[in-house]
file model.txt (compact mmCIF, C-alpha atoms)
# COMPACT_ATOMS: atom_id res chain seq x y z
CA MET A 1 37.65 25.91 -9.41
CA ASP A 2 39.44 28.85 -7.75
CA GLU A 3 42.01 28.81 -10.55
CA LEU A 4 39.22 29.07 -13.15
CA GLN A 5 37.65 32.08 -11.41
CA GLN A 6 41.07 33.71 -11.19
CA ALA A 7 41.62 33.18 -14.93
CA VAL A 8 38.18 34.70 -15.72
CA ALA A 9 39.06 37.77 -13.63
CA MET A 10 42.38 38.16 -15.51
CA GLU A 11 40.85 38.06 -19.03
CA SER A 12 40.42 41.82 -19.43
CA SER A 13 43.65 42.93 -17.69
CA ASP A 14 46.06 40.14 -18.71
CA PRO A 15 44.62 37.97 -21.53
CA GLU A 16 47.94 36.15 -22.11
CA GLY A 17 48.20 35.22 -18.42
CA ALA A 18 44.56 34.07 -18.40
CA LEU A 19 45.26 31.95 -21.50
CA LYS A 20 48.17 30.18 -19.75
CA MET A 21 45.97 29.43 -16.74
CA TYR A 22 43.19 28.06 -18.96
CA TYR A 23 45.73 25.80 -20.73
CA SER A 24 46.95 24.58 -17.33
CA ILE A 25 43.36 23.77 -16.26
CA SER A 26 42.60 21.96 -19.56
CA LYS A 27 45.53 19.56 -18.99
CA ILE A 28 44.21 18.34 -15.60
CA SER A 29 43.04 14.72 -15.73
CA SER A 30 39.33 14.65 -14.78
CA SER A 31 38.05 12.13 -12.25
CA ASN A 32 34.47 13.38 -11.80
CA GLU A 33 31.72 15.34 -13.55
CA GLU A 34 32.53 18.64 -11.80
CA GLU A 35 36.14 18.57 -13.01
CA GLU A 36 34.91 17.77 -16.52
CA LYS A 37 32.75 20.93 -16.42
CA VAL A 38 35.73 23.04 -15.32
CA ILE A 39 37.89 21.67 -18.16
CA GLU A 40 35.02 22.20 -20.64
CA GLN A 41 34.65 25.84 -19.54
CA ALA A 42 38.42 26.36 -19.77
CA LEU A 43 38.45 24.99 -23.34
CA PHE A 44 35.61 27.31 -24.39
CA SER A 45 37.42 30.29 -22.84
CA ILE A 46 40.66 29.38 -24.67
CA GLY A 47 38.68 29.22 -27.94
CA LYS A 48 37.10 32.66 -27.38
CA LEU A 49 40.42 34.30 -26.45
CA LEU A 50 42.25 32.81 -29.44
CA ALA A 51 39.38 33.79 -31.76
CA LYS A 52 39.40 37.34 -30.39
CA GLU A 53 43.11 37.65 -31.25
CA GLU A 54 42.60 35.74 -34.56
CA ARG A 55 45.21 33.11 -33.67
CA VAL A 56 43.67 30.60 -36.07
CA GLU A 57 46.56 28.11 -36.26
CA GLU A 58 46.76 27.82 -32.48
CA LEU A 59 42.99 27.29 -32.27
CA ALA A 60 43.16 24.59 -34.98
CA LYS A 61 45.89 22.78 -32.97
CA LEU A 62 43.74 23.02 -29.82
CA ILE A 63 40.78 21.33 -31.56
CA LYS A 64 43.02 18.43 -32.65
CA SER A 65 44.88 18.13 -29.31
CA ILE A 66 41.79 17.65 -27.10
CA ARG A 67 40.74 14.33 -28.69
CA PRO A 68 42.25 12.18 -25.87
CA PHE A 69 40.11 14.14 -23.37
CA LEU A 70 37.01 13.74 -25.57
CA SER A 71 37.33 9.94 -25.42
CA THR A 72 36.95 10.09 -21.60
CA VAL A 73 33.65 12.05 -21.57
CA SER A 74 30.15 11.20 -22.80
CA LYS A 75 29.40 11.34 -26.53
CA ALA A 76 26.93 14.20 -26.03
CA LYS A 77 29.46 16.33 -24.12
CA ALA A 78 32.27 15.53 -26.59
CA SER A 79 30.01 16.54 -29.50
CA LYS A 80 29.08 19.79 -27.76
CA ILE A 81 32.76 20.69 -27.13
CA VAL A 82 33.89 19.91 -30.70
CA ARG A 83 30.98 21.74 -32.28
CA GLU A 84 31.42 24.80 -30.06
CA LEU A 85 35.16 25.04 -30.76
CA VAL A 86 34.75 24.46 -34.52
CA ASP A 87 31.99 27.10 -34.63
CA THR A 88 34.27 29.54 -32.78
CA PHE A 89 37.08 28.78 -35.23
CA LEU A 90 34.88 29.27 -38.32
CA ASP A 91 33.20 32.41 -36.97
CA ILE A 92 36.58 34.22 -37.02
CA GLY A 93 35.98 34.59 -40.77
CA SER A 94 39.62 35.25 -41.70
CA PHE A 95 39.70 32.52 -44.44
CA THR A 96 43.27 31.34 -44.00
CA GLY A 97 42.76 28.12 -46.00
CA LEU A 98 42.76 25.98 -42.83
CA GLU A 99 38.96 26.01 -42.46
CA ILE A 100 37.91 23.32 -44.98
CA PRO A 101 40.79 20.87 -44.18
CA LEU A 102 40.09 21.20 -40.43
CA CYS A 103 36.35 20.68 -40.92
CA LEU A 104 36.95 17.60 -43.13
CA GLU A 105 39.40 16.17 -40.58
CA CYS A 106 36.89 16.64 -37.74
CA ILE A 107 34.19 14.95 -39.86
CA GLU A 108 36.47 11.94 -40.45
CA TRP A 109 37.22 11.75 -36.71
CA ALA A 110 33.48 11.92 -35.89
CA LYS A 111 32.78 9.13 -38.40
CA SER A 112 35.54 6.94 -36.93
CA GLU A 113 34.06 7.48 -33.45
CA LYS A 114 30.57 6.67 -34.87
CA ARG A 115 29.12 10.02 -33.76
CA SER A 116 26.37 10.50 -36.35
CA PHE A 117 24.80 13.70 -35.02
CA LEU A 118 28.18 15.43 -34.74
CA THR A 119 29.09 14.28 -38.27
CA GLN A 120 25.94 15.87 -39.74
CA ALA A 121 26.42 19.07 -37.70
CA LEU A 122 30.00 19.44 -38.97
CA GLU A 123 28.88 18.73 -42.53
CA GLY A 124 26.37 21.55 -42.09
CA ARG A 125 29.26 23.94 -41.39
CA LEU A 126 31.20 22.45 -44.29
CA ILE A 127 28.33 23.39 -46.63
CA LEU A 128 28.62 27.04 -45.56
CA LEU A 129 32.40 26.90 -46.07
CA TYR A 130 32.00 25.53 -49.60
CA HIS A 131 29.44 28.28 -50.24
CA SER A 132 31.77 31.03 -48.97
CA VAL A 133 34.66 29.93 -51.24
CA GLY A 134 32.44 29.43 -54.32
CA GLU A 135 32.46 25.60 -54.37
CA PHE A 136 28.74 25.46 -55.18
CA THR A 137 28.72 21.99 -56.80
CA ARG A 138 30.33 20.42 -53.72
CA ALA A 139 28.04 22.43 -51.44
CA LEU A 140 24.85 21.20 -53.17
CA ALA A 141 26.15 17.60 -53.30
CA THR A 142 26.78 17.74 -49.53
CA VAL A 143 23.33 19.30 -48.96
CA ASN A 144 21.56 16.49 -50.84
CA ARG A 145 23.54 13.80 -49.00
CA VAL A 146 23.01 15.31 -45.54
CA LEU A 147 19.27 15.99 -46.09
CA LYS A 148 18.65 12.29 -46.82
CA VAL A 149 20.39 11.26 -43.60
CA LEU A 150 18.70 13.94 -41.45
CA LYS A 151 15.20 12.97 -42.59
CA LYS A 152 15.89 9.46 -41.27
CA MET A 153 17.45 10.76 -38.03
CA ASP A 154 14.58 13.24 -37.38
CA ASP A 155 16.90 16.01 -36.20
CA LYS A 156 14.69 19.00 -37.05
CA HIS A 157 17.05 21.66 -35.70
CA LEU A 158 19.92 20.57 -37.94
CA LEU A 159 17.51 19.89 -40.82
CA MET A 160 16.38 23.53 -40.67
CA GLU A 161 20.01 24.75 -40.71
CA ILE A 162 20.77 22.68 -43.83
CA GLN A 163 17.60 23.88 -45.59
CA LEU A 164 18.57 27.47 -44.80
CA SER A 165 22.08 26.87 -46.18
CA GLU A 166 20.52 25.37 -49.32
CA SER A 167 18.44 28.54 -49.77
CA LYS A 168 21.57 30.72 -49.48
CA ILE A 169 23.43 28.64 -52.08
CA TYR A 170 20.56 28.80 -54.60
CA HIS A 171 20.24 32.56 -54.03
CA THR A 172 23.95 33.03 -54.81
CA LEU A 173 23.43 30.96 -57.98
CA ARG A 174 20.50 33.30 -58.83
CA ASN A 175 18.00 30.43 -58.76
CA ILE A 176 15.39 32.40 -56.79
CA PRO A 177 12.47 29.87 -57.08
CA LYS A 178 14.59 27.07 -55.54
CA ALA A 179 15.99 29.48 -52.93
CA ARG A 180 12.44 30.41 -51.90
CA ALA A 181 11.33 26.74 -51.84
CA ALA A 182 14.26 25.81 -49.56
CA LEU A 183 13.53 28.76 -47.27
CA THR A 184 9.84 27.77 -47.06
CA SER A 185 10.92 24.26 -46.02
CA ALA A 186 13.25 25.74 -43.38
CA ARG A 187 10.46 27.95 -41.97
CA THR A 188 8.02 25.01 -41.91
CA THR A 189 10.57 22.95 -39.95
CA ALA A 190 11.24 25.90 -37.61
CA ASN A 191 7.53 26.17 -36.70
CA SER A 192 7.68 22.90 -34.74
CA ILE A 193 10.88 23.53 -32.73
CA TYR A 194 12.59 26.14 -30.57
CA VAL A 195 14.86 28.28 -32.74
CA PRO A 196 17.79 30.09 -31.03
CA PRO A 197 17.95 33.89 -31.60
CA LYS A 198 20.99 33.70 -33.91
CA LEU A 199 19.35 31.13 -36.20
CA GLN A 200 16.00 32.96 -36.15
CA ALA A 201 17.80 36.15 -37.17
CA SER A 202 19.49 34.24 -40.01
CA LEU A 203 16.08 32.99 -41.21
CA ASP A 204 14.66 36.53 -41.12
CA MET A 205 17.70 37.89 -42.96
CA GLN A 206 17.32 35.33 -45.77
CA SER A 207 13.57 36.05 -45.98
CA GLY A 208 14.31 39.76 -46.34
CA ILE A 209 16.92 39.13 -49.05
CA LEU A 210 14.47 37.03 -51.13
CA HIS A 211 11.64 39.57 -50.75
CA ALA A 212 14.06 42.29 -51.87
CA GLU A 213 14.86 40.17 -54.97
CA GLU A 214 11.14 40.31 -55.81
CA LYS A 215 11.17 44.13 -55.35
CA ASP A 216 8.91 43.82 -52.29
CA PHE A 217 11.07 46.19 -50.24
CA LYS A 218 8.34 46.99 -47.70
CA THR A 219 8.11 43.36 -46.53
CA ALA A 220 11.90 42.98 -46.86
CA PHE A 221 12.37 45.94 -44.49
CA SER A 222 10.20 44.23 -41.85
CA TYR A 223 12.28 41.04 -42.06
CA PHE A 224 15.58 42.94 -41.96
CA TYR A 225 14.36 44.82 -38.87
CA GLU A 226 13.57 41.49 -37.15
CA ALA A 227 17.00 40.14 -38.16
CA PHE A 228 18.71 43.30 -36.90
CA GLU A 229 16.97 43.09 -33.53
CA GLY A 230 17.84 39.38 -33.23
CA TYR A 231 21.55 39.89 -33.96
CA ASP A 232 21.68 43.06 -31.85
CA SER A 233 20.23 41.22 -28.82
CA ILE A 234 23.13 38.73 -28.87
CA GLU A 235 25.77 41.33 -29.81
CA ASN A 236 26.48 39.66 -33.17
CA SER A 237 28.44 41.59 -35.81
CA LEU A 238 25.82 40.67 -38.47
CA ALA A 239 23.52 43.27 -36.86
CA LEU A 240 25.40 45.91 -38.88
CA LYS A 241 24.55 44.06 -42.11
CA GLY A 242 20.87 43.94 -41.07
CA LEU A 243 20.89 47.70 -40.44
CA LYS A 244 22.55 48.39 -43.82
CA TYR A 245 19.89 46.29 -45.57
CA MET A 246 17.14 48.22 -43.72
CA LEU A 247 18.60 51.50 -45.02
CA LEU A 248 18.88 49.98 -48.52
CA CYS A 249 15.15 49.14 -48.47
CA LYS A 250 14.25 52.73 -47.55
CA ILE A 251 16.41 54.03 -50.42
CA MET A 252 14.91 51.54 -52.91
CA LEU A 253 11.37 52.48 -51.75
CA GLY A 254 12.13 56.06 -52.82
CA ALA A 255 12.19 57.33 -49.23
CA PRO A 256 15.88 58.28 -48.72
CA GLU A 257 14.87 61.05 -46.28
CA GLU A 258 13.82 58.34 -43.79
CA VAL A 259 17.41 57.01 -43.63
CA GLN A 260 18.50 59.92 -41.44
CA SER A 261 15.57 59.43 -39.04
CA LEU A 262 16.53 55.75 -38.63
CA LEU A 263 20.09 56.73 -37.72
CA THR A 264 19.35 59.53 -35.25
CA GLY A 265 18.83 57.30 -32.18
CA LYS A 266 21.02 54.78 -30.36
CA MET A 267 20.98 52.56 -33.44
CA GLY A 268 23.01 55.03 -35.48
CA LEU A 269 25.49 55.78 -32.69
CA LYS A 270 26.16 52.14 -31.87
CA TYR A 271 26.82 51.04 -35.45
CA SER A 272 28.36 54.23 -36.85
CA GLY A 273 31.27 53.68 -39.21
CA ARG A 274 32.17 53.48 -42.90
CA GLY A 275 29.37 51.02 -43.69
CA ILE A 276 26.66 53.33 -42.35
CA ASN A 277 28.36 56.41 -43.85
CA ALA A 278 28.26 54.69 -47.25
CA MET A 279 24.50 54.06 -47.01
CA ARG A 280 23.93 57.64 -45.81
CA ALA A 281 25.83 58.97 -48.86
CA ILE A 282 23.81 56.74 -51.23
CA ALA A 283 20.60 58.06 -49.62
CA ASP A 284 21.84 61.63 -50.14
CA ALA A 285 22.47 60.89 -53.84
CA GLY A 286 18.96 59.43 -54.13
CA LYS A 287 17.39 62.44 -52.43
CA LYS A 288 19.21 64.91 -54.73
CA ARG A 289 18.69 62.72 -57.83
CA ASP A 290 22.40 63.23 -58.47
CA ILE A 291 24.23 60.51 -60.41
CA ALA A 292 27.62 62.22 -59.87
CA ILE A 293 27.32 61.94 -56.06
CA PHE A 294 26.21 58.32 -56.51
CA ASN A 295 29.28 57.43 -58.61
CA LYS A 296 31.65 59.20 -56.18
CA THR A 297 30.11 57.28 -53.27
CA ILE A 298 30.52 53.94 -55.07
CA SER A 299 34.23 54.60 -55.72
CA LYS A 300 34.85 55.95 -52.19
CA TYR A 301 33.09 53.10 -50.36
CA ASP A 302 33.88 50.27 -52.77
CA ALA A 303 34.66 47.68 -50.05
CA GLU A 304 31.49 48.47 -48.07
CA LEU A 305 29.13 48.48 -51.08
CA GLN A 306 30.43 46.41 -54.00
CA LYS A 307 31.78 43.47 -51.96
CA ASP A 308 28.33 42.82 -50.46
CA SER A 309 26.51 40.91 -53.23
CA VAL A 310 23.02 41.88 -51.97
CA ILE A 311 23.79 45.62 -51.86
CA ALA A 312 25.74 45.50 -55.15
CA THR A 313 22.78 43.86 -56.96
CA HIS A 314 20.29 46.50 -55.85
CA LEU A 315 22.72 49.37 -56.42
CA LYS A 316 22.77 48.45 -60.13
CA SER A 317 18.99 48.84 -60.20
CA LEU A 318 19.24 52.07 -58.18
CA TYR A 319 21.85 53.42 -60.61
CA GLU A 320 19.46 52.92 -63.54
CA THR A 321 16.62 54.62 -61.62
CA LEU A 322 18.83 57.54 -60.58
CA LEU A 323 20.21 57.94 -64.10
CA GLU A 324 16.67 58.05 -65.44
CA LYS A 325 15.53 60.62 -62.82
CA ASN A 326 18.67 62.69 -63.39
CA LEU A 327 18.13 62.81 -67.16
CA VAL A 328 14.45 63.72 -66.74
CA LYS A 329 15.45 66.53 -64.30
CA ILE A 330 17.95 67.95 -66.85
CA ILE A 331 15.60 67.88 -69.87
CA GLU A 332 12.46 69.07 -67.99
CA PRO A 333 12.86 72.81 -68.89
CA TYR A 334 13.43 72.20 -72.62
CA SER A 335 11.37 71.45 -75.71
CA ARG A 336 14.58 70.89 -77.76
CA VAL A 337 17.97 70.13 -76.27
CA GLN A 338 21.31 69.00 -77.68
CA LEU A 339 22.50 65.58 -76.46
CA ASP A 340 26.01 66.98 -75.99
CA HIS A 341 24.64 69.46 -73.45
CA VAL A 342 22.80 66.68 -71.56
CA ALA A 343 25.94 64.47 -71.57
CA ASN A 344 28.08 67.36 -70.23
CA ALA A 345 25.50 68.25 -67.58
CA ILE A 346 25.35 64.68 -66.25
CA ALA A 347 29.11 64.04 -66.79
CA LEU A 348 28.58 60.77 -68.70
CA PRO A 349 29.65 59.58 -72.17
CA PHE A 350 27.47 60.68 -75.13
CA GLU A 351 26.70 57.02 -76.10
CA VAL A 352 25.45 56.14 -72.57
CA VAL A 353 23.14 59.17 -72.49
CA GLU A 354 21.79 58.50 -76.00
CA LYS A 355 21.07 54.83 -75.20
CA LYS A 356 19.31 55.67 -71.92
CA LEU A 357 17.17 58.40 -73.48
CA SER A 358 16.12 56.00 -76.24
CA GLN A 359 15.09 53.48 -73.57
CA ILE A 360 13.10 56.11 -71.63
CA ILE A 361 11.23 57.15 -74.80
CA LEU A 362 10.45 53.51 -75.70
CA ASP A 363 9.21 52.91 -72.15
CA LYS A 364 6.92 55.95 -72.62
CA LYS A 365 8.34 57.72 -69.56
CA PHE A 366 8.04 60.93 -71.61
CA SER A 367 7.03 61.85 -75.18
CA GLY A 368 9.79 62.76 -77.59
CA ILE A 369 12.08 61.72 -80.43
CA LEU A 370 15.84 61.57 -80.91
CA ASP A 371 17.10 63.35 -84.03
CA GLN A 372 20.38 61.44 -84.42
CA ARG A 373 21.44 63.40 -87.52
CA SER A 374 21.56 66.71 -85.62
CA GLY A 375 22.13 65.18 -82.18
CA VAL A 376 19.02 66.81 -80.70
CA LEU A 377 16.30 65.51 -78.36
CA ILE A 378 12.85 66.90 -79.22
CA ILE A 379 10.38 66.76 -76.34
CA PHE A 380 6.62 66.85 -76.96
CA ASP A 381 4.03 68.18 -74.54
CA ALA A 382 2.18 65.38 -72.81
CA SER A 383 -1.20 64.93 -74.51
CA GLU A 384 -4.21 63.12 -73.20
CA GLU A 385 -4.88 59.85 -74.98
CA ASP A 386 -8.02 59.80 -77.12
CA GLN A 387 -10.29 57.18 -75.56
CA THR A 388 -12.83 57.10 -78.44
CA TYR A 389 -11.35 53.97 -80.04
CA SER A 390 -11.25 51.98 -76.76
CA TYR A 391 -14.81 53.09 -75.91
CA ALA A 392 -15.98 51.95 -79.37
CA LEU A 393 -14.33 48.54 -78.86
CA ASP A 394 -16.04 48.15 -75.45
CA THR A 395 -19.42 49.03 -77.00
CA VAL A 396 -18.99 46.47 -79.81
CA SER A 397 -17.93 43.82 -77.26
CA HIS A 398 -21.01 44.46 -75.06
CA MET A 399 -23.33 44.48 -78.09
CA GLY A 400 -21.89 41.13 -79.14
CA LYS A 401 -22.74 39.67 -75.72
CA VAL A 402 -26.31 41.05 -75.97
CA VAL A 403 -26.79 39.50 -79.45
CA ASP A 404 -25.48 36.13 -78.18
CA ALA A 405 -27.89 36.22 -75.21
CA LEU A 406 -30.88 37.06 -77.48
CA PHE A 407 -29.87 34.27 -79.90
CA LYS A 408 -29.87 31.68 -77.03
CA LYS A 409 -33.34 32.83 -75.87
CA ALA A 410 -34.69 32.64 -79.45
CA GLN A 411 -33.38 29.06 -79.73
CA LYS A 412 -35.25 28.07 -76.57
CA LEU A 413 -38.54 29.53 -77.90
CA SER A 414 -38.24 27.61 -81.18
call {"tool": "encode", "arguments": {"input": "model.txt", "output": "structure tokens"}}
result
Amino acid sequence: MDELQQAVAMESSDPEGALKMYYSISKISSSNEEEEKVIEQALFSIGKLLAKEERVEELAKLIKSIRPFLSTVSKAKASKIVRELVDTFLDIGSFTGLEIPLCLECIEWAKSEKRSFLTQALEGRLILLYHSVGEFTRALATVNRVLKVLKKMDDKHLLMEIQLSESKIYHTLRNIPKARAALTSARTTANSIYVPPKLQASLDMQSGILHAEEKDFKTAFSYFYEAFEGYDSIENSLALKGLKYMLLCKIMLGAPEEVQSLLTGKMGLKYSGRGINAMRAIADAGKKRDIAIFNKTISKYDAELQKDSVIATHLKSLYETLLEKNLVKIIEPYSRVQLDHVANAIALPFEVVEKKLSQIILDKKFSGILDQRSGVLIIFDASEEDQTYSYALDTVSHMGKVVDALFKKAQKLS
């Protein structure tokens, strides 16, 4: 016990020395429950230290090497240790290619030891791994198989995790109705159990993502805020993603000026970096209705913006909106303007500008025509629509109803 406390004290000053002490403790043969707890704590500490230094191969060897010790403890404790260490290994997120083979090997070991709950828990992590590497067919096949087993076992906590994973897979496949149905099932299951903060934050994050897909950015912002607070409370790195999505919602709602106010407090200082700078630059482009600043920001912060599928999807929509606003801003002072001038002013190809202006005219965003022969846009003054025809139609419709009512009364009298 003294050796364990000494190792804990050494973690910050001499992590390598602490690691050696933890390894020494983990090799002690346990004879009672107290010694088992010490070994368990040492194993968890080894996992955290190795994960912090991203020593994935060493951590994978540790998970395989502790199986003799696991056979000496209770099934519940063994399952807890394996799951904790595998979760630590997978949360590193370095994708070395060892993740799926290790997970499959642990599942086979759990099956051979007849540990059903551990098997399903590990398969739950396997689903997320398949999802992260784009193996969607395997992921959905595993989901369907595990859901059948879990409904018989009545493990609601794990059932909710699998339903949430299913929602994420369908969202990636752009099947939004099925993603929403799976998320609704997950939330229904969550209502009857205690949900840990990390999992609750994950539920809120997925809810926000699906509301954003439906262009309900106000509700999405609320969910992203809940997710951010949940991740922030447990010091999870996904809090940054939640904050970026909150800023994205403000930009998509047409309120980019509110981005700065969100980042002025402790929130902005704690999570400052390239990711937040990217969102701040996008908000600036939205505020100025400047497509050139937008394009520069996209190229400068490519990794922070384009590699996040949620942000990338909405940035495409934002680009179209900004392009439209930018074009309207340029042509506002004119009644006739050459398309070449508009293309030069916005620094985009002539064909792109011509196509977008045609779309804006067809959508009746402003009145005008494109003279393609002379390459000129002719803008008309907005005129009030003559309502006489619609009023006449309403009058005829109401008169028809009156005649029908009188005809029914006449039939009754006869």
call {"tool": "atom_distance", "arguments": {"input": "model.txt", "atom1": "CA of Leu323 in chain A", "atom2": "CA of Glu304 in chain A"}}
result
21.8 Å
call {"tool": "residues_around", "arguments": {"input": "model.txt", "residues": "range 317-322 of chain A", "least_positions_apart": "5", "cutoff": "9 Å", "atoms": "all atoms listed in the file", "output": "PyMOL selection string"}}
result
chain A and resi 251-252+285-286+289-291+294-295+327+356
call {"tool": "residues_around", "arguments": {"input": "model.txt", "residues": "range 111-117 of chain A", "least_positions_apart": "5", "cutoff": "12 Å", "atoms": "only C-alpha atoms", "output": "PyMOL selection string"}}
result
chain A and resi 67+70-71+74-80+82-83+104-106+122-124+146+149-150+152-159
call {"tool": "write_last_selection", "arguments": {"input": "model.txt", "atoms": "C-alpha atoms", "output": "tab-separated table (two decimals), keeping the file's coordinate frame"}}
result
chain	number	residue	atom	x	y	z
A	67	ARG	CA	40.74	14.33	-28.69
A	70	LEU	CA	37.01	13.74	-25.57
A	71	SER	CA	37.33	9.94	-25.42
A	74	SER	CA	30.15	11.20	-22.80
A	75	LYS	CA	29.40	11.34	-26.53
A	76	ALA	CA	26.93	14.20	-26.03
A	77	LYS	CA	29.46	16.33	-24.12
A	78	ALA	CA	32.27	15.53	-26.59
A	79	SER	CA	30.01	16.54	-29.50
A	80	LYS	CA	29.08	19.79	-27.76
A	82	VAL	CA	33.89	19.91	-30.70
A	83	ARG	CA	30.98	21.74	-32.28
A	104	LEU	CA	36.95	17.60	-43.13
A	105	GLU	CA	39.40	16.17	-40.58
A	106	CYS	CA	36.89	16.64	-37.74
A	122	LEU	CA	30.00	19.44	-38.97
A	123	GLU	CA	28.88	18.73	-42.53
A	124	GLY	CA	26.37	21.55	-42.09
A	146	VAL	CA	23.01	15.31	-45.54
A	149	VAL	CA	20.39	11.26	-43.60
A	150	LEU	CA	18.70	13.94	-41.45
A	152	LYS	CA	15.89	9.46	-41.27
A	153	MET	CA	17.45	10.76	-38.03
A	154	ASP	CA	14.58	13.24	-37.38
A	155	ASP	CA	16.90	16.01	-36.20
A	156	LYS	CA	14.69	19.00	-37.05
A	157	HIS	CA	17.05	21.66	-35.70
A	158	LEU	CA	19.92	20.57	-37.94
A	159	LEU	CA	17.51	19.89	-40.82
call {"tool": "atom_distance", "arguments": {"input": "model.txt", "atom1": "CA of Cys103 in chain A", "atom2": "CA of Leu85 in chain A"}}
result
11.1 Å
call {"tool": "atom_distance", "arguments": {"input": "model.txt", "atom1": "CA of Leu243 in chain A", "atom2": "CA of Gln163 in chain A"}}
result
24.6 Å
call {"tool": "closest_residue", "arguments": {"input": "model.txt", "among": "A:Leu199, A:Ala18, A:Leu247, A:Leu129", "to": "Tyr231 in chain A", "atoms": "only C-alpha atoms"}}
result
A:Leu199
call {"tool": "axis_aligned_box", "arguments": {"input": "model.txt", "around": "range 18-23 of chain A", "padding_each_side": "3 Å", "output": "JSON"}}
result
{"center_x": 45.7, "center_y": 29.9, "center_z": -19.1, "size_x": 11.0, "size_y": 14.3, "size_z": 10.8}
call {"tool": "build_atoms", "arguments": {"input": "model.txt", "residues": "range 296-301 of chain A", "atoms": "all heavy atoms", "output": "PDB file, in the frame of the given file"}}
result
ATOM      1  N   LYS A 296      30.562  58.888 -57.119  1.00  0.00           N
ATOM      2  CA  LYS A 296      31.650  59.200 -56.180  1.00  0.00           C
ATOM      3  C   LYS A 296      31.556  58.321 -54.930  1.00  0.00           C
ATOM      4  O   LYS A 296      32.563  57.843 -54.411  1.00  0.00           O
ATOM      5  CB  LYS A 296      31.580  60.681 -55.774  1.00  0.00           C
ATOM      6  CG  LYS A 296      32.119  61.630 -56.832  1.00  0.00           C
ATOM      7  CD  LYS A 296      31.975  63.075 -56.373  1.00  0.00           C
ATOM      8  CE  LYS A 296      32.375  64.042 -57.493  1.00  0.00           C
ATOM      9  NZ  LYS A 296      32.114  65.446 -57.113  1.00  0.00           N
ATOM     10  N   THR A 297      30.333  58.109 -54.462  1.00  0.00           N
ATOM     11  CA  THR A 297      30.110  57.280 -53.270  1.00  0.00           C
ATOM     12  C   THR A 297      30.523  55.833 -53.528  1.00  0.00           C
ATOM     13  O   THR A 297      31.168  55.198 -52.685  1.00  0.00           O
ATOM     14  CB  THR A 297      28.622  57.330 -52.839  1.00  0.00           C
ATOM     15  OG1 THR A 297      28.252  58.686 -52.610  1.00  0.00           O
ATOM     16  CG2 THR A 297      28.390  56.524 -51.573  1.00  0.00           C
ATOM     17  N   ILE A 298      30.165  55.321 -54.705  1.00  0.00           N
ATOM     18  CA  ILE A 298      30.520  53.940 -55.070  1.00  0.00           C
ATOM     19  C   ILE A 298      32.032  53.755 -55.085  1.00  0.00           C
ATOM     20  O   ILE A 298      32.563  52.763 -54.574  1.00  0.00           O
ATOM     21  CB  ILE A 298      29.930  53.580 -56.460  1.00  0.00           C
ATOM     22  CG1 ILE A 298      28.399  53.531 -56.412  1.00  0.00           C
ATOM     23  CG2 ILE A 298      30.484  52.235 -56.942  1.00  0.00           C
ATOM     24  CD1 ILE A 298      27.803  52.438 -55.578  1.00  0.00           C
ATOM     25  N   SER A 299      32.759  54.722 -55.655  1.00  0.00           N
ATOM     26  CA  SER A 299      34.230  54.600 -55.720  1.00  0.00           C
ATOM     27  C   SER A 299      34.871  54.806 -54.351  1.00  0.00           C
ATOM     28  O   SER A 299      35.862  54.153 -54.014  1.00  0.00           O
ATOM     29  CB  SER A 299      34.801  55.593 -56.722  1.00  0.00           C
ATOM     30  OG  SER A 299      34.428  56.914 -56.377  1.00  0.00           O
ATOM     31  N   LYS A 300      34.295  55.678 -53.522  1.00  0.00           N
ATOM     32  CA  LYS A 300      34.850  55.950 -52.190  1.00  0.00           C
ATOM     33  C   LYS A 300      34.636  54.791 -51.231  1.00  0.00           C
ATOM     34  O   LYS A 300      35.515  54.444 -50.439  1.00  0.00           O
ATOM     35  CB  LYS A 300      34.213  57.234 -51.629  1.00  0.00           C
ATOM     36  CG  LYS A 300      34.810  57.670 -50.293  1.00  0.00           C
ATOM     37  CD  LYS A 300      34.152  58.954 -49.798  1.00  0.00           C
ATOM     38  CE  LYS A 300      34.697  59.355 -48.436  1.00  0.00           C
ATOM     39  NZ  LYS A 300      34.039  60.586 -47.918  1.00  0.00           N
ATOM     40  N   TYR A 301      33.438  54.188 -51.290  1.00  0.00           N
ATOM     41  CA  TYR A 301      33.090  53.100 -50.360  1.00  0.00           C
ATOM     42  C   TYR A 301      32.970  51.769 -51.103  1.00  0.00           C
ATOM     43  O   TYR A 301      32.034  51.008 -50.872  1.00  0.00           O
ATOM     44  CB  TYR A 301      31.774  53.416 -49.644  1.00  0.00           C
ATOM     45  CG  TYR A 301      31.814  54.648 -48.780  1.00  0.00           C
ATOM     46  CD1 TYR A 301      31.254  55.854 -49.222  1.00  0.00           C
ATOM     47  CD2 TYR A 301      32.392  54.631 -47.519  1.00  0.00           C
ATOM     48  CE1 TYR A 301      31.273  56.997 -48.430  1.00  0.00           C
ATOM     49  CE2 TYR A 301      32.417  55.759 -46.708  1.00  0.00           C
ATOM     50  CZ  TYR A 301      31.855  56.942 -47.174  1.00  0.00           C
ATOM     51  OH  TYR A 301      31.881  58.061 -46.381  1.00  0.00           O
TER      52      TYR A 301
END
